[in-house]
Amino acid sequence: MPYTVYLKRGEEKRILAGHSWVYANEVAKIEGKDKNGALARVCAFDGRYIGKGYINHLSKILVRVFIRGEEEDDEDFYRARIAQAAALRETLFADAGNCYRLVFAEADNLPALIADRYGDVLVLELLSLGVDQRRERIVNAFVSLFSPRGIYLRGDAPVRKKEGLPPENGVLYGEVPDTVLVTENGLTLQIDVKTGQKTGYCLDQKENRFAVRRYCRGARVLDCFCNSGGFALNAATQAAHVTALDISEFALQNVRENAALNGFSNIDCVCADAFAQLRAFRADSVQFDTVILDPPAFCKSADQVKDAYRGYKDVNISAMKLVKRGGFLITCSCSHYMTAPLFEKMLLESAREAGRFAKVLEVRVQAPDHPSLLAAEETAYLKAFFLQIM
């Protein structure tokens, strides 16, 4: 008998508003018996039907609701949902390159399913037990819609462990080369879809990378935590010189390859810890017209926020001291736990301690292929503050 999950009184409000997650502590009782990963009905305390989603007793998120009617999760269902998500991207990016997030989990009403397009290759993340168990119908839906050259699974995200799933990378369909050439913002990029960051590249910064160009005209630019060089390459279209800084020599080799692909000779790479190198630049009285900070998430849980705040503050103070007066700091956070108000508070304190004044020119978020839900604050995670430092 399929599971029916009854919520505690009042707990249905968040789900009815559009949130997907039902936590175990929000549940009054569960009727029926089925296996983990099965499709479960979710009802309010008084028995009103709310929707259906995959259940997993191993996870803190007991059910991820994604069906609000009586549909079944067959291949046709997935095909229709994926096609709807793809239609939005076609509207947004028809003339803007061939790499973007095709499906963004909860924001596209397909919780725990992520699909990124890199040219004719798709890269999937299957981040819940229920979605992982239905990989065959999901892959078939993508193949029937897009006829890709290949589909690759990036199953190395830590959240899979919380779902009782092992790490797993591999080809799900067709042929997937180690690297794929794509275009973004008029640039050619070589993306390592098998071992690169996330699914190969941080697609959520697409429009923010383009936006940095106006702050780099004739400038000496420092791009910290540069990874494969997305910001550095966009800066190089306008800058006199760009220093790409990362702790990974593997990432920097990708920067050099991408620079060569685009004919840039104004990018130099420095392999070092960003925190230490920023202090070293300061000790040597090195300054830049523009500094870009796009670090990895310093906090991935609420109990890490205090330490993350100190980390963000440390690196931003150092960066502000390196910016010539009147120059620019583009500084980012990709953790939703570091909220925009908290991040802004940290920047104010950083400016005070650096002995500088900071003027806010732009505040940007993730690109629209990573939409956020008003009812789910977790889906709004990326902040990018464009500051003039005086």
# chains A, B, ... in the order shown; residues from 1 in each chain; ligands from 1

$ residues_around --residues "A:Val5" --least-positions-apart "5" --cutoff "10 Å" --atoms "only C-alpha atoms" --output "list in words"
Val22, Ala24, Val27, Ala28, Lys29, Ile30, Glu31, Gly32, Ala40, Arg41, Val42, Cys43, Ala44, Phe45, Gly47, Tyr49, Lys52, Ile55, Leu62 and Val63 of chain A

$ write_last_selection --atoms "C-alpha atoms" --output "compact mmCIF listing (two decimals), in the first residue's frame"
# COMPACT_ATOMS: atom_id res chain seq x y z
CA VAL A 22 8.64 18.04 3.79
CA ALA A 24 10.32 14.47 9.13
CA VAL A 27 4.86 14.99 9.95
CA ALA A 28 2.02 13.91 12.26
CA LYS A 29 1.67 10.34 10.97
CA ILE A 30 2.40 8.06 8.04
CA GLU A 31 -0.04 5.45 6.77
CA GLY A 32 0.76 2.58 4.41
CA ALA A 40 4.09 9.07 -1.54
CA ARG A 41 0.93 11.12 -1.13
CA VAL A 42 1.16 14.16 1.16
CA CYS A 43 -1.91 15.49 2.95
CA ALA A 44 -2.66 18.26 5.41
CA PHE A 45 -3.57 17.43 9.00
CA GLY A 47 -6.74 15.01 5.14
CA TYR A 49 -4.56 16.33 -0.56
CA LYS A 52 2.98 13.68 -4.24
CA ILE A 55 9.87 9.55 0.16
CA LEU A 62 11.37 13.05 4.11
CA VAL A 63 9.40 13.90 0.95

$ residues_around --residues "A:Arg256" --least-positions-apart "6" --cutoff "9 Å" --atoms "only C-alpha atoms" --output "list in words"
Ser228, Gly229, Ile267, Asp268 and Cys269 of chain A

$ residues_around --residues "A:Ala17" --least-positions-apart "5" --cutoff "12 Å" --atoms "only C-alpha atoms" --output "ChimeraX atom specification"
/A:11-12,50,65,68,373-376

$ closest_residue --among "A:Val363, A:Ile330, A:Leu58, A:Val323" --to "A:Ile389" --atoms "only C-alpha atoms"
A:Val323

$ closest_residue --among "A:Thr243, A:Ser248, A:Asn262, A:Asn98" --to "A:Phe281" --atoms "only C-alpha atoms"
A:Thr243

$ decode --residues "stretch 101-248 of chain A" --atoms "C-alpha atoms" --output "PDB file, in the first residue's frame"
ATOM      1  CA  ARG A 101      21.466  25.021 -16.877  1.00  0.00           C
ATOM      2  CA  LEU A 102      18.633  23.197 -18.572  1.00  0.00           C
ATOM      3  CA  VAL A 103      16.857  21.951 -15.418  1.00  0.00           C
ATOM      4  CA  PHE A 104      17.329  23.481 -11.977  1.00  0.00           C
ATOM      5  CA  ALA A 105      15.718  21.057  -9.533  1.00  0.00           C
ATOM      6  CA  GLU A 106      13.066  22.607  -7.269  1.00  0.00           C
ATOM      7  CA  ALA A 107      12.967  25.837  -9.286  1.00  0.00           C
ATOM      8  CA  ASP A 108      11.775  23.826 -12.313  1.00  0.00           C
ATOM      9  CA  ASN A 109       9.464  21.637 -10.229  1.00  0.00           C
ATOM     10  CA  LEU A 110      11.792  18.637 -10.581  1.00  0.00           C
ATOM     11  CA  PRO A 111      13.381  18.429  -7.112  1.00  0.00           C
ATOM     12  CA  ALA A 112      16.869  16.906  -6.916  1.00  0.00           C
ATOM     13  CA  LEU A 113      17.274  16.786 -10.711  1.00  0.00           C
ATOM     14  CA  ILE A 114      19.877  19.052 -12.305  1.00  0.00           C
ATOM     15  CA  ALA A 115      20.756  19.045 -15.992  1.00  0.00           C
ATOM     16  CA  ASP A 116      23.383  21.251 -17.611  1.00  0.00           C
ATOM     17  CA  ARG A 117      23.899  21.664 -21.333  1.00  0.00           C
ATOM     18  CA  TYR A 118      27.414  21.896 -22.740  1.00  0.00           C
ATOM     19  CA  GLY A 119      26.935  22.002 -26.496  1.00  0.00           C
ATOM     20  CA  ASP A 120      25.691  18.573 -27.557  1.00  0.00           C
ATOM     21  CA  VAL A 121      26.535  16.961 -24.194  1.00  0.00           C
ATOM     22  CA  LEU A 122      24.221  16.935 -21.166  1.00  0.00           C
ATOM     23  CA  VAL A 123      25.489  16.507 -17.601  1.00  0.00           C
ATOM     24  CA  LEU A 124      23.023  15.311 -14.957  1.00  0.00           C
ATOM     25  CA  GLU A 125      22.998  15.328 -11.174  1.00  0.00           C
ATOM     26  CA  LEU A 126      20.550  12.921  -9.522  1.00  0.00           C
ATOM     27  CA  LEU A 127      20.483  14.149  -5.940  1.00  0.00           C
ATOM     28  CA  SER A 128      17.723  12.109  -4.295  1.00  0.00           C
ATOM     29  CA  LEU A 129      17.045   8.412  -3.985  1.00  0.00           C
ATOM     30  CA  GLY A 130      13.717   8.657  -5.810  1.00  0.00           C
ATOM     31  CA  VAL A 131      15.176  10.514  -8.779  1.00  0.00           C
ATOM     32  CA  ASP A 132      18.179   8.206  -8.934  1.00  0.00           C
ATOM     33  CA  GLN A 133      15.906   5.158  -9.030  1.00  0.00           C
ATOM     34  CA  ARG A 134      14.164   6.616 -12.090  1.00  0.00           C
ATOM     35  CA  ARG A 135      17.280   7.482 -14.054  1.00  0.00           C
ATOM     36  CA  GLU A 136      16.294   5.316 -17.022  1.00  0.00           C
ATOM     37  CA  ARG A 137      13.013   7.123 -17.713  1.00  0.00           C
ATOM     38  CA  ILE A 138      14.704  10.492 -17.074  1.00  0.00           C
ATOM     39  CA  VAL A 139      17.536   9.726 -19.508  1.00  0.00           C
ATOM     40  CA  ASN A 140      15.034   8.477 -22.093  1.00  0.00           C
ATOM     41  CA  ALA A 141      13.103  11.739 -21.763  1.00  0.00           C
ATOM     42  CA  PHE A 142      16.243  13.820 -22.368  1.00  0.00           C
ATOM     43  CA  VAL A 143      17.259  11.675 -25.351  1.00  0.00           C
ATOM     44  CA  SER A 144      13.836  11.920 -26.986  1.00  0.00           C
ATOM     45  CA  LEU A 145      13.762  15.697 -26.550  1.00  0.00           C
ATOM     46  CA  PHE A 146      17.331  16.701 -27.441  1.00  0.00           C
ATOM     47  CA  SER A 147      19.099  13.782 -29.190  1.00  0.00           C
ATOM     48  CA  PRO A 148      22.364  14.630 -27.404  1.00  0.00           C
ATOM     49  CA  ARG A 149      25.751  13.234 -28.333  1.00  0.00           C
ATOM     50  CA  GLY A 150      26.029  11.938 -24.799  1.00  0.00           C
ATOM     51  CA  ILE A 151      24.712  12.222 -21.241  1.00  0.00           C
ATOM     52  CA  TYR A 152      27.073  12.089 -18.277  1.00  0.00           C
ATOM     53  CA  LEU A 153      26.246  11.554 -14.593  1.00  0.00           C
ATOM     54  CA  ARG A 154      28.094  13.659 -12.043  1.00  0.00           C
ATOM     55  CA  GLY A 155      27.251  11.798  -8.880  1.00  0.00           C
ATOM     56  CA  ASP A 156      29.993  13.140  -6.614  1.00  0.00           C
ATOM     57  CA  ALA A 157      27.935  15.756  -4.729  1.00  0.00           C
ATOM     58  CA  PRO A 158      28.003  15.202  -0.918  1.00  0.00           C
ATOM     59  CA  VAL A 159      24.191  15.436  -0.730  1.00  0.00           C
ATOM     60  CA  ARG A 160      23.930  11.989  -2.345  1.00  0.00           C
ATOM     61  CA  LYS A 161      25.432  10.448   0.789  1.00  0.00           C
ATOM     62  CA  LYS A 162      22.642  12.019   2.855  1.00  0.00           C
ATOM     63  CA  GLU A 163      20.158  10.192   0.603  1.00  0.00           C
ATOM     64  CA  GLY A 164      21.912   6.847   1.122  1.00  0.00           C
ATOM     65  CA  LEU A 165      23.429   6.977  -2.364  1.00  0.00           C
ATOM     66  CA  PRO A 166      27.059   6.199  -3.231  1.00  0.00           C
ATOM     67  CA  PRO A 167      29.226   8.578  -5.249  1.00  0.00           C
ATOM     68  CA  GLU A 168      28.980   7.642  -8.916  1.00  0.00           C
ATOM     69  CA  ASN A 169      30.246   9.226 -12.125  1.00  0.00           C
ATOM     70  CA  GLY A 170      29.788   7.755 -15.565  1.00  0.00           C
ATOM     71  CA  VAL A 171      28.274   7.821 -19.018  1.00  0.00           C
ATOM     72  CA  LEU A 172      24.497   7.337 -19.020  1.00  0.00           C
ATOM     73  CA  TYR A 173      23.990   7.566 -22.764  1.00  0.00           C
ATOM     74  CA  GLY A 174      26.011   7.869 -25.971  1.00  0.00           C
ATOM     75  CA  GLU A 175      29.537   9.212 -26.084  1.00  0.00           C
ATOM     76  CA  VAL A 176      30.973  11.799 -23.687  1.00  0.00           C
ATOM     77  CA  PRO A 177      34.449  13.210 -24.360  1.00  0.00           C
ATOM     78  CA  ASP A 178      36.688  14.353 -21.505  1.00  0.00           C
ATOM     79  CA  THR A 179      36.334  17.977 -22.600  1.00  0.00           C
ATOM     80  CA  VAL A 180      33.693  19.859 -24.566  1.00  0.00           C
ATOM     81  CA  LEU A 181      34.053  23.144 -26.454  1.00  0.00           C
ATOM     82  CA  VAL A 182      31.275  25.643 -25.745  1.00  0.00           C
ATOM     83  CA  THR A 183      30.581  29.316 -26.274  1.00  0.00           C
ATOM     84  CA  GLU A 184      29.623  31.792 -23.555  1.00  0.00           C
ATOM     85  CA  ASN A 185      29.473  35.573 -23.847  1.00  0.00           C
ATOM     86  CA  GLY A 186      31.162  35.305 -27.247  1.00  0.00           C
ATOM     87  CA  LEU A 187      34.110  33.360 -25.803  1.00  0.00           C
ATOM     88  CA  THR A 188      35.182  29.802 -26.584  1.00  0.00           C
ATOM     89  CA  LEU A 189      35.700  27.611 -23.520  1.00  0.00           C
ATOM     90  CA  GLN A 190      37.015  24.114 -23.050  1.00  0.00           C
ATOM     91  CA  ILE A 191      34.993  22.472 -20.283  1.00  0.00           C
ATOM     92  CA  ASP A 192      36.030  19.354 -18.378  1.00  0.00           C
ATOM     93  CA  VAL A 193      32.606  17.810 -17.764  1.00  0.00           C
ATOM     94  CA  LYS A 194      33.963  14.737 -15.965  1.00  0.00           C
ATOM     95  CA  THR A 195      36.196  16.275 -13.308  1.00  0.00           C
ATOM     96  CA  GLY A 196      35.613  20.045 -13.500  1.00  0.00           C
ATOM     97  CA  GLN A 197      33.933  22.024 -10.725  1.00  0.00           C
ATOM     98  CA  LYS A 198      30.256  21.139 -10.168  1.00  0.00           C
ATOM     99  CA  THR A 199      29.163  19.734 -13.545  1.00  0.00           C
ATOM    100  CA  GLY A 200      32.224  21.157 -15.264  1.00  0.00           C
ATOM    101  CA  TYR A 201      31.732  24.920 -14.995  1.00  0.00           C
ATOM    102  CA  CYS A 202      29.935  27.457 -12.794  1.00  0.00           C
ATOM    103  CA  LEU A 203      27.116  28.352 -15.159  1.00  0.00           C
ATOM    104  CA  ASP A 204      25.291  30.481 -12.581  1.00  0.00           C
ATOM    105  CA  GLN A 205      27.805  33.334 -13.003  1.00  0.00           C
ATOM    106  CA  LYS A 206      27.301  33.642 -16.784  1.00  0.00           C
ATOM    107  CA  GLU A 207      25.787  37.138 -16.772  1.00  0.00           C
ATOM    108  CA  ASN A 208      27.892  38.392 -13.867  1.00  0.00           C
ATOM    109  CA  ARG A 209      31.017  37.408 -15.779  1.00  0.00           C
ATOM    110  CA  PHE A 210      29.862  39.497 -18.730  1.00  0.00           C
ATOM    111  CA  ALA A 211      29.009  42.389 -16.402  1.00  0.00           C
ATOM    112  CA  VAL A 212      32.606  42.661 -15.117  1.00  0.00           C
ATOM    113  CA  ARG A 213      33.802  43.825 -18.525  1.00  0.00           C
ATOM    114  CA  ARG A 214      32.750  47.444 -17.941  1.00  0.00           C
ATOM    115  CA  TYR A 215      34.869  47.501 -14.761  1.00  0.00           C
ATOM    116  CA  CYS A 216      38.005  46.246 -16.517  1.00  0.00           C
ATOM    117  CA  ARG A 217      38.583  48.726 -19.354  1.00  0.00           C
ATOM    118  CA  GLY A 218      42.340  49.249 -19.638  1.00  0.00           C
ATOM    119  CA  ALA A 219      42.661  47.947 -16.085  1.00  0.00           C
ATOM    120  CA  ARG A 220      45.073  45.801 -14.165  1.00  0.00           C
ATOM    121  CA  VAL A 221      42.804  43.018 -12.855  1.00  0.00           C
ATOM    122  CA  LEU A 222      43.171  40.303 -10.212  1.00  0.00           C
ATOM    123  CA  ASP A 223      40.770  37.333 -10.423  1.00  0.00           C
ATOM    124  CA  CYS A 224      40.919  35.294  -7.208  1.00  0.00           C
ATOM    125  CA  PHE A 225      39.630  31.713  -6.948  1.00  0.00           C
ATOM    126  CA  CYS A 226      39.584  31.850 -10.743  1.00  0.00           C
ATOM    127  CA  ASN A 227      38.933  28.137 -11.388  1.00  0.00           C
ATOM    128  CA  SER A 228      38.796  27.637 -15.183  1.00  0.00           C
ATOM    129  CA  GLY A 229      38.936  31.382 -15.818  1.00  0.00           C
ATOM    130  CA  GLY A 230      35.396  32.506 -16.530  1.00  0.00           C
ATOM    131  CA  PHE A 231      35.828  35.928 -14.913  1.00  0.00           C
ATOM    132  CA  ALA A 232      39.463  36.274 -16.032  1.00  0.00           C
ATOM    133  CA  LEU A 233      38.577  35.653 -19.683  1.00  0.00           C
ATOM    134  CA  ASN A 234      35.730  38.156 -19.666  1.00  0.00           C
ATOM    135  CA  ALA A 235      37.987  40.685 -17.946  1.00  0.00           C
ATOM    136  CA  ALA A 236      40.703  40.053 -20.549  1.00  0.00           C
ATOM    137  CA  THR A 237      38.423  41.299 -23.332  1.00  0.00           C
ATOM    138  CA  GLN A 238      38.862  44.807 -21.888  1.00  0.00           C
ATOM    139  CA  ALA A 239      41.796  44.738 -19.451  1.00  0.00           C
ATOM    140  CA  ALA A 240      45.410  45.704 -19.961  1.00  0.00           C
ATOM    141  CA  HIS A 241      46.469  42.729 -17.836  1.00  0.00           C
ATOM    142  CA  VAL A 242      44.762  39.996 -15.798  1.00  0.00           C
ATOM    143  CA  THR A 243      46.281  37.906 -13.012  1.00  0.00           C
ATOM    144  CA  ALA A 244      44.366  34.623 -12.577  1.00  0.00           C
ATOM    145  CA  LEU A 245      44.885  33.233  -9.065  1.00  0.00           C
ATOM    146  CA  ASP A 246      43.915  29.743  -7.912  1.00  0.00           C
ATOM    147  CA  ILE A 247      45.309  27.061  -5.610  1.00  0.00           C
ATOM    148  CA  SER A 248      44.786  24.387  -8.285  1.00  0.00           C
TER     149      SER A 248
END
